[in-house]
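Trainee: File follows, run_38.cif with mmCIF, C-alpha atoms:
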```cif
data_protein
loop_
_atom_site.label_atom_id
_atom_site.label_comp_id
_atom_site.auth_asym_id
_atom_site.auth_seq_id
_atom_site.Cartn_x
_atom_site.Cartn_y
_atom_site.Cartn_z
CA MET X 800 13.35 80.33 4.99
CA LYS X 801 12.09 78.63 8.13
CA LYS X 802 9.60 76.60 6.09
CA LEU X 803 12.37 75.54 3.74
CA MET X 804 14.53 74.47 6.68
CA VAL X 805 11.65 72.43 8.24
CA LEU X 806 10.98 70.81 4.85
CA ALA X 807 14.68 69.92 4.46
CA VAL X 808 14.80 68.39 7.95
CA ALA X 809 11.62 66.40 7.21
CA LEU X 810 13.06 65.13 3.92
CA ILE X 811 16.33 64.14 5.58
CA ALA X 812 14.43 62.34 8.36
CA MET X 813 12.37 60.45 5.80
CA ALA X 814 15.48 59.55 3.80
CA CYS X 815 17.20 58.23 6.92
CA GLN X 816 14.23 56.11 7.91
CA GLN X 817 15.12 52.48 7.25
CA ASN X 818 12.82 49.81 5.99
CA LYS X 819 12.25 47.06 8.53
CA ILE X 820 12.89 43.78 6.74
CA GLY X 821 12.69 40.21 7.98
CA TYR X 822 12.45 36.81 6.38
CA VAL X 823 10.79 33.46 6.96
CA ASP X 824 12.13 30.06 5.99
CA SER X 825 8.96 28.80 4.31
CA VAL X 826 9.98 25.15 4.31
CA LYS X 827 10.95 25.15 7.99
CA LEU X 828 7.79 27.06 8.87
CA LEU X 829 5.45 24.63 7.12
CA ASP X 830 7.38 21.55 8.25
CA GLY X 831 7.08 22.66 11.87
CA TYR X 832 3.45 23.75 11.71
CA GLN X 833 1.42 21.23 13.70
CA GLU X 834 -1.75 21.70 11.64
CA LYS X 835 0.15 20.78 8.47
CA ILE X 836 1.65 17.76 10.22
CA ASP X 837 -1.86 16.67 11.29
CA VAL X 838 -3.33 17.21 7.80
CA GLU X 839 -0.53 15.17 6.21
CA ALA X 840 -0.96 12.39 8.79
CA ARG X 841 -4.72 12.28 8.21
CA PHE X 842 -4.30 12.03 4.44
CA LYS X 843 -1.51 9.46 4.78
CA THR X 844 -3.89 7.30 6.82
CA LYS X 845 -6.55 7.68 4.12
CA ALA X 846 -4.02 6.96 1.36
CA ASP X 847 -2.80 3.85 3.21
CA ALA X 848 -6.41 2.66 3.57
CA MET X 849 -6.94 3.31 -0.14
CA THR X 850 -3.83 1.27 -0.98
CA LYS X 851 -5.00 -1.62 1.20
CA LYS X 852 -8.42 -1.49 -0.45
CA ARG X 853 -6.88 -1.48 -3.94
CA ASP X 854 -4.55 -4.37 -3.04
CA SER X 855 -7.40 -6.37 -1.53
CA ILE X 856 -9.66 -5.83 -4.56
CA SER X 857 -6.79 -6.60 -6.92
CA GLN X 858 -5.96 -9.81 -5.06
CA ALA X 859 -9.61 -10.91 -5.05
CA PHE X 860 -9.87 -10.15 -8.76
CA GLN X 861 -6.69 -12.13 -9.49
CA MET X 862 -8.11 -15.10 -7.59
CA GLU X 863 -11.34 -14.83 -9.56
CA LEU X 864 -9.35 -14.67 -12.79
CA GLN X 865 -7.40 -17.82 -11.84
CA ALA X 866 -10.64 -19.60 -10.98
CA PHE X 867 -12.04 -18.56 -14.36
CA GLN X 868 -8.96 -19.89 -16.15
CA THR X 869 -9.45 -23.28 -14.52
CA LYS X 870 -13.14 -23.22 -15.34
CA ALA X 871 -12.51 -21.99 -18.91
CA GLU X 872 -10.71 -25.22 -19.78
CA ARG X 873 -14.04 -27.02 -19.46
CA MET X 874 -16.06 -24.41 -21.37
CA SER X 875 -16.61 -23.88 -25.06
CA GLN X 876 -14.31 -21.31 -26.59
CA GLN X 877 -17.18 -18.92 -27.28
CA ASN X 878 -18.52 -19.09 -23.70
CA ALA X 879 -15.01 -18.68 -22.30
CA GLN X 880 -14.41 -15.59 -24.46
CA GLU X 881 -17.74 -14.05 -23.42
CA GLU X 882 -17.13 -14.63 -19.74
CA TYR X 883 -13.55 -13.39 -20.05
CA GLY X 884 -14.81 -10.23 -21.77
CA GLN X 885 -17.22 -9.64 -18.88
CA LEU X 886 -14.39 -10.14 -16.38
CA GLN X 887 -12.23 -7.64 -18.27
CA GLN X 888 -15.04 -5.08 -18.29
CA ARG X 889 -15.63 -5.51 -14.58
CA GLY X 890 -11.90 -5.22 -13.92
CA GLN X 891 -11.74 -1.97 -15.91
CA PHE X 892 -14.79 -0.61 -14.11
CA ILE X 893 -13.29 -1.41 -10.70
CA GLY X 894 -9.97 0.14 -11.77
CA GLN X 895 -11.72 3.33 -12.88
CA GLN X 896 -13.64 3.56 -9.60
CA LEU X 897 -10.47 3.17 -7.56
CA GLN X 898 -8.69 5.75 -9.70
CA GLN X 899 -11.55 8.23 -9.20
CA GLU X 900 -11.43 7.70 -5.44
CA GLU X 901 -7.66 8.30 -5.42
CA GLN X 902 -8.03 11.46 -7.51
CA GLN X 903 -10.76 12.74 -5.17
CA LEU X 904 -8.51 12.12 -2.19
CA GLN X 905 -5.64 13.99 -3.88
CA GLN X 906 -7.90 16.94 -4.75
CA THR X 907 -9.23 17.14 -1.21
CA SER X 908 -5.70 16.99 0.16
CA GLN X 909 -4.52 19.72 -2.22
CA THR X 910 -7.47 21.95 -1.30
CA GLU X 911 -6.71 21.58 2.42
CA MET X 912 -3.02 22.30 1.86
CA ASP X 913 -3.86 25.40 -0.21
CA THR X 914 -6.13 26.63 2.60
CA LEU X 915 -3.35 25.98 5.09
CA VAL X 916 -0.80 27.94 3.03
CA LYS X 917 -3.24 30.87 2.80
CA LYS X 918 -3.62 30.78 6.58
CA VAL X 919 0.17 30.86 7.04
CA LYS X 920 0.56 33.78 4.60
CA LYS X 921 -2.20 35.68 6.39
CA GLU X 922 -0.46 35.15 9.73
CA ILE X 923 2.84 36.41 8.28
CA GLN X 924 1.07 39.51 6.92
CA GLU X 925 -0.63 40.18 10.25
CA TYR X 926 2.66 39.77 12.08
CA GLY X 927 4.40 42.12 9.66
CA LYS X 928 1.75 44.81 10.03
CA ALA X 929 1.57 44.49 13.82
CA ASN X 930 5.35 44.72 14.20
CA GLY X 931 6.11 47.48 11.70
CA TYR X 932 7.79 45.44 8.98
CA THR X 933 8.06 46.96 5.53
CA TYR X 934 8.88 43.57 4.01
CA ILE X 935 8.93 39.96 5.11
CA LEU X 936 10.66 37.82 2.51
CA GLY X 937 10.29 34.09 1.90
CA GLY X 938 13.40 31.97 2.30
CA GLY X 939 14.21 28.28 2.26
CA ASP X 940 14.23 26.03 -0.80
CA GLY X 941 13.10 28.09 -3.76
CA GLY X 942 12.81 31.23 -1.65
CA ALA X 943 14.01 34.71 -2.44
CA VAL X 944 16.44 35.08 0.49
CA LEU X 945 19.92 33.90 -0.36
CA TYR X 946 21.40 35.32 2.81
CA GLY X 947 19.91 36.87 5.90
CA GLU X 948 21.15 37.71 9.36
CA GLU X 949 19.79 35.29 11.92
CA THR X 950 18.36 38.22 13.87
CA LYS X 951 16.08 38.94 10.89
CA ASP X 952 14.78 35.35 10.74
CA LEU X 953 11.15 35.42 11.91
CA THR X 954 10.45 31.74 11.23
CA ASP X 955 10.44 30.53 14.83
CA VAL X 956 8.38 33.48 16.08
CA ILE X 957 5.67 33.01 13.45
CA LEU X 958 5.78 29.22 13.83
CA LYS X 959 5.10 29.60 17.57
CA ILE X 960 2.17 31.94 16.87
CA LEU X 961 0.68 29.49 14.33
CA ASN X 962 1.08 26.47 16.60
CA ASP X 963 -0.29 28.37 19.62
CA LYS X 964 -3.36 29.42 17.63
CA TYR X 965 -3.83 25.91 16.25
CA GLY X 966 -3.56 24.37 19.71
CA LYS X 967 -6.46 26.42 21.03
#
```
Could you spell out this file's structure in structure tokens?
Mentor:
Amino acid sequence: MKKLMVLAVALIAMACQQNKIGYVDSVKLLDGYQEKIDVEARFKTKADAMTKKRDSISQAFQMELQAFQTKAERMSQQNAQEEYGQLQQRGQFIGQQLQQEEQQLQQTSQTEMDTLVKKVKKEIQEYGKANGYTYILGGGDGGAVLYGEETKDLTDVILKILNDKYGK
């Protein structure tokens, strides 16, 4: 009988134990994370440089095309067509090279952002384990939390941890 009573008390205690649940506003967390801000700024600088390069090459090519058009008036039709064909091929080649560079930049950016998101998720998991959370849910745009008490919002706490670790 005593064993049954101890078992009943243990079961009641387990049933009364609450899950510790918190949530993180994913958008706010990432938008406030200094490393993400730095990564975006670095890639924006590279993208701006890529745009300037493309514009400069495009402008130079347009000037060359205009010069050819003036020169073509004094050439035979066959020579003009041949030279124009070469210009077109060179223009396509340059366009493909620029496109490949832009794609490479986008892939590198995406890889860094994926690594950053993994780092943030890992930090959330470590925080949850260290502080006895059963669940930490993702909120914000597209998140799973439609409502949460502000006292359960862990965004600022985790954001501070991430930024402190990044600053070191």
Trainee: Calculate how many Å separate atom CA of Asp854 of chain X from atom CA of Ala879 of chain X, rounding to one decimal.
Mentor: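 Separation of atom CA of Asp854 of chain X and atom CA of Ala879 of chain X: 26.2 Å.
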Trainee: Report, in Å with one decimal, the straight-line distance from atom CA of Ala846 of chain X to atom CA of Met912 of chain X.
Mentor: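 Between atom CA of Ala846 of chain X and atom CA of Met912 of chain X the gap works out to 15.4 Å.
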Trainee: Evaluate the PyMOL selection byres ((chain X and resi 898-911) around 9) and record the selected residues as a list in words, following the chain and residue labels used in the document.
Mentor: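 After applying the PyMOL selection byres ((chain X and resi 898-911) around 9), what remains is Val838, Glu839, Phe842, Lys845, Ala846, Met849, Ile893, Gly894, Gln895, Gln896, Leu897, Met912, Asp913, Thr914, Leu915 and Val916 of chain X.
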Trainee: Hey, can you spit out that residue selection with C-alpha atoms as a CSV table (one decimal), in the coordinates of the input?
Mentor:
```
chain,number,residue,atom,x,y,z
X,838,VAL,CA,-3.3,17.2,7.8
X,839,GLU,CA,-0.5,15.2,6.2
X,842,PHE,CA,-4.3,12.0,4.4
X,845,LYS,CA,-6.6,7.7,4.1
X,846,ALA,CA,-4.0,7.0,1.4
X,849,MET,CA,-6.9,3.3,-0.1
X,893,ILE,CA,-13.3,-1.4,-10.7
X,894,GLY,CA,-10.0,0.1,-11.8
X,895,GLN,CA,-11.7,3.3,-12.9
X,896,GLN,CA,-13.6,3.6,-9.6
X,897,LEU,CA,-10.5,3.2,-7.6
X,912,MET,CA,-3.0,22.3,1.9
X,913,ASP,CA,-3.9,25.4,-0.2
X,914,THR,CA,-6.1,26.6,2.6
X,915,LEU,CA,-3.4,26.0,5.1
X,916,VAL,CA,-0.8,27.9,3.0
```
Trainee: Evaluate the PyMOL selection byres ((chain X and resi 944-952) around 6) here and jot the selected residues down as a list in words.
Mentor: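 For this structure, the PyMOL selection byres ((chain X and resi 944-952) around 6) resolves to Gly821, Tyr822, Val823, Gly938, Gly942, Ala943, Leu953 and Thr954 of chain X.
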Trainee: So what does the PyMOL selection byres ((chain X and resi 919) around 10) actually pick up in this one, as a PyMOL selection string?
Mentor: chain X and resi 825+828-829+832+913-918+920-925+957-958+961
Trainee: For those residues, write C-alpha atoms to a file as a tab-separated table (two decimals), in the coordinates of the input.
Mentor:
```tsv
chain	number	residue	atom	x	y	z
X	825	SER	CA	8.96	28.80	4.31
X	828	LEU	CA	7.79	27.06	8.87
X	829	LEU	CA	5.45	24.63	7.12
X	832	TYR	CA	3.45	23.75	11.71
X	913	ASP	CA	-3.86	25.40	-0.21
X	914	THR	CA	-6.13	26.63	2.60
X	915	LEU	CA	-3.35	25.98	5.09
X	916	VAL	CA	-0.80	27.94	3.03
X	917	LYS	CA	-3.24	30.87	2.80
X	918	LYS	CA	-3.62	30.78	6.58
X	920	LYS	CA	0.56	33.78	4.60
X	921	LYS	CA	-2.20	35.68	6.39
X	922	GLU	CA	-0.46	35.15	9.73
X	923	ILE	CA	2.84	36.41	8.28
X	924	GLN	CA	1.07	39.51	6.92
X	925	GLU	CA	-0.63	40.18	10.25
X	957	ILE	CA	5.67	33.01	13.45
X	958	LEU	CA	5.78	29.22	13.83
X	961	LEU	CA	0.68	29.49	14.33
```
Trainee: Would you work out the distance separating atom CA of Ile935 of chain X from atom CA of Val826 of chain X, expressed in Å to one decimal?
Mentor: 14.9 Å
Trainee: Box in all listed atoms of segment 912-923 of chain X, axis-aligned, with 4 Å more on each side; write out centre and edge lengths in Å to one decimal as lines of an AutoDock Vina configuration file.
Mentor:
```
center_x = -1.6
center_y = 29.4
center_z = 4.8
size_x = 17.0
size_y = 22.1
size_z = 17.9
```
Trainee: Can you complete the atoms of segment 834-845 of chain X to all heavy atoms and list them as a PDB file, keeping the file's coordinate frame?
Mentor:
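And here is the file that came out, part_29.pdb:
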```pdb
ATOM      1  N   GLU X 834      -0.548  21.946  12.445  1.00  0.00           N
ATOM      2  CA  GLU X 834      -1.750  21.700  11.640  1.00  0.00           C
ATOM      3  C   GLU X 834      -1.386  21.001  10.336  1.00  0.00           C
ATOM      4  O   GLU X 834      -2.071  20.078   9.900  1.00  0.00           O
ATOM      5  CB  GLU X 834      -2.513  22.989  11.369  1.00  0.00           C
ATOM      6  CG  GLU X 834      -3.819  22.745  10.651  1.00  0.00           C
ATOM      7  CD  GLU X 834      -4.672  23.996  10.471  1.00  0.00           C
ATOM      8  OE1 GLU X 834      -4.272  25.094  10.898  1.00  0.00           O
ATOM      9  OE2 GLU X 834      -5.765  23.860   9.882  1.00  0.00           O
ATOM     10  N   LYS X 835      -0.285  21.425   9.708  1.00  0.00           N
ATOM     11  CA  LYS X 835       0.150  20.780   8.470  1.00  0.00           C
ATOM     12  C   LYS X 835       0.555  19.335   8.741  1.00  0.00           C
ATOM     13  O   LYS X 835       0.211  18.429   7.972  1.00  0.00           O
ATOM     14  CB  LYS X 835       1.325  21.522   7.841  1.00  0.00           C
ATOM     15  CG  LYS X 835       1.802  20.845   6.551  1.00  0.00           C
ATOM     16  CD  LYS X 835       3.156  21.358   6.131  1.00  0.00           C
ATOM     17  CE  LYS X 835       3.661  20.621   4.937  1.00  0.00           C
ATOM     18  NZ  LYS X 835       4.743  19.687   5.229  1.00  0.00           N
ATOM     19  N   ILE X 836       1.239  19.117   9.845  1.00  0.00           N
ATOM     20  CA  ILE X 836       1.650  17.760  10.220  1.00  0.00           C
ATOM     21  C   ILE X 836       0.404  16.878  10.402  1.00  0.00           C
ATOM     22  O   ILE X 836       0.352  15.745   9.918  1.00  0.00           O
ATOM     23  CB  ILE X 836       2.510  17.791  11.498  1.00  0.00           C
ATOM     24  CG1 ILE X 836       3.846  18.493  11.203  1.00  0.00           C
ATOM     25  CG2 ILE X 836       2.735  16.395  12.055  1.00  0.00           C
ATOM     26  CD1 ILE X 836       4.648  18.859  12.437  1.00  0.00           C
ATOM     27  N   ASP X 837      -0.623  17.428  11.059  1.00  0.00           N
ATOM     28  CA  ASP X 837      -1.860  16.670  11.290  1.00  0.00           C
ATOM     29  C   ASP X 837      -2.606  16.397   9.986  1.00  0.00           C
ATOM     30  O   ASP X 837      -3.124  15.295   9.777  1.00  0.00           O
ATOM     31  CB  ASP X 837      -2.772  17.428  12.261  1.00  0.00           C
ATOM     32  CG  ASP X 837      -2.194  17.477  13.672  1.00  0.00           C
ATOM     33  OD1 ASP X 837      -1.228  16.738  13.964  1.00  0.00           O
ATOM     34  OD2 ASP X 837      -2.710  18.278  14.487  1.00  0.00           O
ATOM     35  N   VAL X 838      -2.654  17.389   9.090  1.00  0.00           N
ATOM     36  CA  VAL X 838      -3.330  17.210   7.800  1.00  0.00           C
ATOM     37  C   VAL X 838      -2.617  16.119   6.994  1.00  0.00           C
ATOM     38  O   VAL X 838      -3.259  15.229   6.433  1.00  0.00           O
ATOM     39  CB  VAL X 838      -3.370  18.544   7.003  1.00  0.00           C
ATOM     40  CG1 VAL X 838      -3.748  18.310   5.547  1.00  0.00           C
ATOM     41  CG2 VAL X 838      -4.344  19.517   7.659  1.00  0.00           C
ATOM     42  N   GLU X 839      -1.292  16.187   6.955  1.00  0.00           N
ATOM     43  CA  GLU X 839      -0.530  15.170   6.210  1.00  0.00           C
ATOM     44  C   GLU X 839      -0.750  13.780   6.810  1.00  0.00           C
ATOM     45  O   GLU X 839      -0.905  12.801   6.071  1.00  0.00           O
ATOM     46  CB  GLU X 839       0.953  15.512   6.202  1.00  0.00           C
ATOM     47  CG  GLU X 839       1.303  16.625   5.249  1.00  0.00           C
ATOM     48  CD  GLU X 839       2.787  16.955   5.248  1.00  0.00           C
ATOM     49  OE1 GLU X 839       3.479  16.686   6.258  1.00  0.00           O
ATOM     50  OE2 GLU X 839       3.250  17.493   4.233  1.00  0.00           O
ATOM     51  N   ALA X 840      -0.765  13.687   8.135  1.00  0.00           N
ATOM     52  CA  ALA X 840      -0.960  12.390   8.790  1.00  0.00           C
ATOM     53  C   ALA X 840      -2.350  11.834   8.469  1.00  0.00           C
ATOM     54  O   ALA X 840      -2.507  10.640   8.204  1.00  0.00           O
ATOM     55  CB  ALA X 840      -0.768  12.514  10.296  1.00  0.00           C
ATOM     56  N   ARG X 841      -3.349  12.712   8.500  1.00  0.00           N
ATOM     57  CA  ARG X 841      -4.720  12.280   8.210  1.00  0.00           C
ATOM     58  C   ARG X 841      -4.830  11.752   6.774  1.00  0.00           C
ATOM     59  O   ARG X 841      -5.416  10.704   6.527  1.00  0.00           O
ATOM     60  CB  ARG X 841      -5.694  13.439   8.437  1.00  0.00           C
ATOM     61  CG  ARG X 841      -7.136  13.043   8.346  1.00  0.00           C
ATOM     62  CD  ARG X 841      -8.107  14.126   8.794  1.00  0.00           C
ATOM     63  NE  ARG X 841      -8.045  15.325   7.978  1.00  0.00           N
ATOM     64  CZ  ARG X 841      -7.542  16.496   8.386  1.00  0.00           C
ATOM     65  NH1 ARG X 841      -7.065  16.628   9.603  1.00  0.00           N
ATOM     66  NH2 ARG X 841      -7.519  17.537   7.590  1.00  0.00           N
ATOM     67  N   PHE X 842      -4.211  12.473   5.830  1.00  0.00           N
ATOM     68  CA  PHE X 842      -4.300  12.030   4.440  1.00  0.00           C
ATOM     69  C   PHE X 842      -3.407  10.818   4.175  1.00  0.00           C
ATOM     70  O   PHE X 842      -3.729  10.010   3.319  1.00  0.00           O
ATOM     71  CB  PHE X 842      -3.993  13.182   3.475  1.00  0.00           C
ATOM     72  CG  PHE X 842      -5.196  14.064   3.282  1.00  0.00           C
ATOM     73  CD1 PHE X 842      -5.308  15.262   3.962  1.00  0.00           C
ATOM     74  CD2 PHE X 842      -6.239  13.674   2.469  1.00  0.00           C
ATOM     75  CE1 PHE X 842      -6.438  16.052   3.814  1.00  0.00           C
ATOM     76  CE2 PHE X 842      -7.369  14.451   2.312  1.00  0.00           C
ATOM     77  CZ  PHE X 842      -7.460  15.647   2.989  1.00  0.00           C
ATOM     78  N   LYS X 843      -2.334  10.662   4.925  1.00  0.00           N
ATOM     79  CA  LYS X 843      -1.510   9.460   4.780  1.00  0.00           C
ATOM     80  C   LYS X 843      -2.306   8.243   5.238  1.00  0.00           C
ATOM     81  O   LYS X 843      -2.272   7.191   4.594  1.00  0.00           O
ATOM     82  CB  LYS X 843      -0.210   9.579   5.575  1.00  0.00           C
ATOM     83  CG  LYS X 843       0.703   8.361   5.374  1.00  0.00           C
ATOM     84  CD  LYS X 843       1.980   8.473   6.139  1.00  0.00           C
ATOM     85  CE  LYS X 843       2.910   7.312   5.965  1.00  0.00           C
ATOM     86  NZ  LYS X 843       2.388   6.028   5.601  1.00  0.00           N
ATOM     87  N   THR X 844      -3.042   8.398   6.326  1.00  0.00           N
ATOM     88  CA  THR X 844      -3.890   7.300   6.820  1.00  0.00           C
ATOM     89  C   THR X 844      -4.929   6.932   5.769  1.00  0.00           C
ATOM     90  O   THR X 844      -5.154   5.743   5.495  1.00  0.00           O
ATOM     91  CB  THR X 844      -4.587   7.721   8.139  1.00  0.00           C
ATOM     92  OG1 THR X 844      -3.576   8.036   9.106  1.00  0.00           O
ATOM     93  CG2 THR X 844      -5.480   6.615   8.664  1.00  0.00           C
ATOM     94  N   LYS X 845      -5.545   7.950   5.160  1.00  0.00           N
ATOM     95  CA  LYS X 845      -6.550   7.680   4.120  1.00  0.00           C
ATOM     96  C   LYS X 845      -5.899   7.046   2.889  1.00  0.00           C
ATOM     97  O   LYS X 845      -6.472   6.140   2.286  1.00  0.00           O
ATOM     98  CB  LYS X 845      -7.265   8.976   3.731  1.00  0.00           C
ATOM     99  CG  LYS X 845      -8.200   9.483   4.810  1.00  0.00           C
ATOM    100  CD  LYS X 845      -8.872  10.771   4.384  1.00  0.00           C
ATOM    101  CE  LYS X 845      -9.792  11.299   5.470  1.00  0.00           C
ATOM    102  NZ  LYS X 845     -10.462  12.550   5.076  1.00  0.00           N
TER     103      LYS X 845
END
```
